[in-house]
$ cat query-v9.txt   # compact mmCIF, N, CA and C atoms
# COMPACT_ATOMS: atom_id res chain seq x y z
N MET A 1 158.42 83.43 14.56
CA MET A 1 159.34 84.07 13.64
C MET A 1 158.80 83.84 12.23
N SER A 2 158.87 84.85 11.41
CA SER A 2 158.39 84.77 10.04
C SER A 2 159.36 84.00 9.17
N THR A 3 158.82 83.43 8.11
CA THR A 3 159.66 82.67 7.20
C THR A 3 159.95 83.52 5.97
N VAL A 4 161.21 83.69 5.67
CA VAL A 4 161.64 84.42 4.48
C VAL A 4 162.65 83.52 3.78
N ILE A 5 162.52 83.37 2.49
CA ILE A 5 163.46 82.54 1.74
C ILE A 5 164.82 83.20 1.80
N GLU A 6 165.82 82.48 2.35
CA GLU A 6 167.13 83.08 2.60
C GLU A 6 167.91 83.42 1.34
N ASP A 7 167.69 82.72 0.25
CA ASP A 7 168.45 82.98 -0.97
C ASP A 7 167.78 84.02 -1.88
N LYS A 8 166.68 84.57 -1.44
CA LYS A 8 165.94 85.54 -2.23
C LYS A 8 166.68 86.89 -2.21
N LYS A 9 166.70 87.57 -3.31
CA LYS A 9 167.31 88.90 -3.37
C LYS A 9 166.33 89.90 -2.79
N VAL A 10 166.86 90.93 -2.15
CA VAL A 10 166.02 91.94 -1.54
C VAL A 10 165.11 92.57 -2.58
N GLY A 11 165.62 92.78 -3.78
CA GLY A 11 164.81 93.38 -4.84
C GLY A 11 163.63 92.52 -5.27
N ASP A 12 163.70 91.21 -4.97
CA ASP A 12 162.62 90.30 -5.32
C ASP A 12 161.62 90.10 -4.19
N MET A 13 161.87 90.74 -3.05
CA MET A 13 161.00 90.55 -1.89
C MET A 13 159.81 91.50 -1.95
N THR A 14 158.73 91.05 -1.34
CA THR A 14 157.59 91.96 -1.18
C THR A 14 157.90 92.88 0.00
N VAL A 15 157.15 93.94 0.12
CA VAL A 15 157.33 94.86 1.26
C VAL A 15 157.09 94.09 2.56
N ARG A 16 156.10 93.24 2.57
CA ARG A 16 155.80 92.45 3.77
C ARG A 16 156.97 91.55 4.15
N GLU A 17 157.59 90.88 3.17
CA GLU A 17 158.74 90.02 3.43
C GLU A 17 159.93 90.82 3.93
N LEU A 18 160.15 91.99 3.35
CA LEU A 18 161.26 92.84 3.78
C LEU A 18 161.06 93.31 5.21
N LYS A 19 159.84 93.75 5.53
CA LYS A 19 159.54 94.18 6.90
C LYS A 19 159.74 93.03 7.88
N SER A 20 159.33 91.85 7.49
CA SER A 20 159.49 90.67 8.34
C SER A 20 160.97 90.37 8.56
N LEU A 21 161.77 90.47 7.52
CA LEU A 21 163.20 90.25 7.62
C LEU A 21 163.84 91.28 8.57
N ILE A 22 163.48 92.53 8.42
CA ILE A 22 164.02 93.58 9.30
C ILE A 22 163.60 93.33 10.74
N ARG A 23 162.34 93.00 10.95
CA ARG A 23 161.82 92.73 12.30
C ARG A 23 162.57 91.56 12.94
N ASP A 24 162.74 90.47 12.19
CA ASP A 24 163.44 89.30 12.72
C ASP A 24 164.90 89.62 13.02
N THR A 25 165.53 90.41 12.17
CA THR A 25 166.93 90.79 12.39
C THR A 25 167.07 91.61 13.67
N ILE A 26 166.17 92.53 13.90
CA ILE A 26 166.21 93.35 15.12
C ILE A 26 166.00 92.47 16.35
N HIS A 27 165.02 91.55 16.28
CA HIS A 27 164.78 90.64 17.40
C HIS A 27 166.02 89.80 17.70
N GLU A 28 166.68 89.31 16.67
CA GLU A 28 167.87 88.48 16.85
C GLU A 28 169.03 89.28 17.45
N LEU A 29 169.13 90.57 17.11
CA LEU A 29 170.18 91.41 17.69
C LEU A 29 169.93 91.65 19.17
N ILE A 30 168.68 91.86 19.52
CA ILE A 30 168.32 92.12 20.92
C ILE A 30 168.39 90.83 21.73
N ASP A 31 167.91 89.73 21.16
CA ASP A 31 167.84 88.45 21.85
C ASP A 31 168.37 87.34 20.94
N PRO A 32 169.63 86.92 21.14
CA PRO A 32 170.21 85.90 20.28
C PRO A 32 169.42 84.58 20.27
N ASP A 33 168.59 84.35 21.27
CA ASP A 33 167.79 83.13 21.34
C ASP A 33 166.42 83.29 20.69
N TYR A 34 166.18 84.43 20.09
CA TYR A 34 164.89 84.69 19.45
C TYR A 34 164.57 83.61 18.42
N GLY A 35 163.38 83.09 18.52
CA GLY A 35 162.94 82.09 17.56
C GLY A 35 163.28 80.66 17.94
N LEU A 36 164.13 80.49 18.94
CA LEU A 36 164.47 79.13 19.36
C LEU A 36 163.36 78.59 20.25
N GLU A 37 163.18 77.30 20.25
CA GLU A 37 162.17 76.67 21.09
C GLU A 37 162.83 75.97 22.26
N LEU A 38 162.14 76.00 23.40
CA LEU A 38 162.63 75.27 24.56
C LEU A 38 162.26 73.80 24.43
N ARG A 39 163.19 72.96 24.83
CA ARG A 39 162.85 71.54 24.89
C ARG A 39 161.83 71.37 26.01
N PRO A 40 160.90 70.43 25.88
CA PRO A 40 159.85 70.25 26.88
C PRO A 40 160.39 70.06 28.31
N GLU A 41 161.49 69.33 28.45
CA GLU A 41 162.02 69.09 29.80
C GLU A 41 162.57 70.37 30.42
N ILE A 42 163.13 71.25 29.61
CA ILE A 42 163.64 72.54 30.12
C ILE A 42 162.47 73.43 30.50
N GLU A 43 161.45 73.43 29.68
CA GLU A 43 160.25 74.22 29.98
C GLU A 43 159.65 73.77 31.31
N GLU A 44 159.59 72.46 31.54
CA GLU A 44 159.05 71.95 32.80
C GLU A 44 159.92 72.36 33.99
N GLU A 45 161.25 72.29 33.82
CA GLU A 45 162.15 72.72 34.88
C GLU A 45 161.94 74.19 35.23
N LEU A 46 161.74 75.01 34.21
CA LEU A 46 161.50 76.44 34.45
C LEU A 46 160.19 76.66 35.20
N ARG A 47 159.15 75.92 34.81
CA ARG A 47 157.86 76.04 35.51
C ARG A 47 158.00 75.65 36.99
N GLU A 48 158.72 74.56 37.24
CA GLU A 48 158.93 74.11 38.62
C GLU A 48 159.74 75.14 39.40
N SER A 49 160.74 75.71 38.75
CA SER A 49 161.57 76.72 39.39
C SER A 49 160.74 77.94 39.79
N LEU A 50 159.83 78.34 38.93
CA LEU A 50 158.98 79.50 39.23
C LEU A 50 158.06 79.22 40.42
N LYS A 51 157.65 77.98 40.58
CA LYS A 51 156.79 77.61 41.71
C LYS A 51 157.56 77.58 43.02
N SER A 52 158.85 77.33 42.96
CA SER A 52 159.69 77.19 44.14
C SER A 52 159.85 78.52 44.86
N LYS A 53 159.96 78.43 46.16
CA LYS A 53 160.20 79.64 46.98
C LYS A 53 161.69 79.89 47.18
N LYS A 54 162.52 78.90 46.78
CA LYS A 54 163.97 79.02 46.95
C LYS A 54 164.52 80.03 45.95
N ARG A 55 165.27 80.97 46.45
CA ARG A 55 165.87 82.00 45.60
C ARG A 55 167.35 82.15 45.95
N THR A 56 168.15 82.51 44.98
CA THR A 56 169.57 82.76 45.19
C THR A 56 169.80 84.27 45.13
N PRO A 57 170.43 84.84 46.16
CA PRO A 57 170.66 86.29 46.16
C PRO A 57 171.51 86.71 44.97
N ALA A 58 171.20 87.87 44.44
CA ALA A 58 171.93 88.40 43.27
C ALA A 58 173.42 88.55 43.57
N GLU A 59 173.75 88.91 44.81
CA GLU A 59 175.15 89.08 45.18
C GLU A 59 175.93 87.77 45.04
N LYS A 60 175.29 86.64 45.41
CA LYS A 60 175.94 85.34 45.29
C LYS A 60 176.14 84.97 43.82
N VAL A 61 175.16 85.21 43.02
CA VAL A 61 175.26 84.91 41.59
C VAL A 61 176.39 85.74 40.97
N ALA A 62 176.41 87.04 41.30
CA ALA A 62 177.45 87.92 40.78
C ALA A 62 178.83 87.44 41.20
N SER A 63 178.95 87.04 42.45
CA SER A 63 180.23 86.56 42.96
C SER A 63 180.66 85.29 42.23
N GLU A 64 179.74 84.36 42.04
CA GLU A 64 180.05 83.11 41.34
C GLU A 64 180.45 83.33 39.88
N LEU A 65 179.92 84.40 39.30
CA LEU A 65 180.25 84.72 37.91
C LEU A 65 181.47 85.64 37.80
N GLY A 66 182.01 86.03 38.95
CA GLY A 66 183.17 86.91 38.94
C GLY A 66 182.84 88.35 38.62
N LEU A 67 181.59 88.73 38.88
CA LEU A 67 181.16 90.10 38.59
C LEU A 67 181.28 90.95 39.85
N LYS A 68 181.58 92.22 39.66
CA LYS A 68 181.62 93.15 40.81
C LYS A 68 180.20 93.57 41.12
N TRP A 69 179.87 93.57 42.38
CA TRP A 69 178.50 93.93 42.78
C TRP A 69 178.51 95.18 43.60

$ encode --input "query-v9.txt" --output "structure tokens"
Amino acid sequence: MSTVIEDKKVGDMTVRELKSLIRDTIHELIDPDYGLELRPEIEEELRESLKSKKRTPAEKVASELGLKW
């Protein structure tokens, strides 16, 4: 994620800074976790999960979340 000074006025920004701000804003709207970093232990758990052959059917997940499938 690009760094833009948050207290800077738009009129004082360079075109590059403004484009970066717009890009980051769009990413954050699409993905609220954009720019966040995973803790190392969570990253390791995800890697192990991807190696595992165990899978949970989508229907079960939907049911547990109270979603109609």

$ atom_distance --input "query-v9.txt" --atom1 "atom C of Trp69 of chain A" --atom2 "atom N of Arg55 of chain A"
19.6 Å

$ select_by_dssp --input "query-v9.txt" --residues "chain A" --states "helix (DSSP H, G or I)" --output "ChimeraX atom specification"
/A:10-12,15-30,40-51,58-64

$ atom_distance --input "query-v9.txt" --atom1 "atom CA of Glu17 of chain A" --atom2 "atom CA of Tyr34 of chain A"
18.0 Å
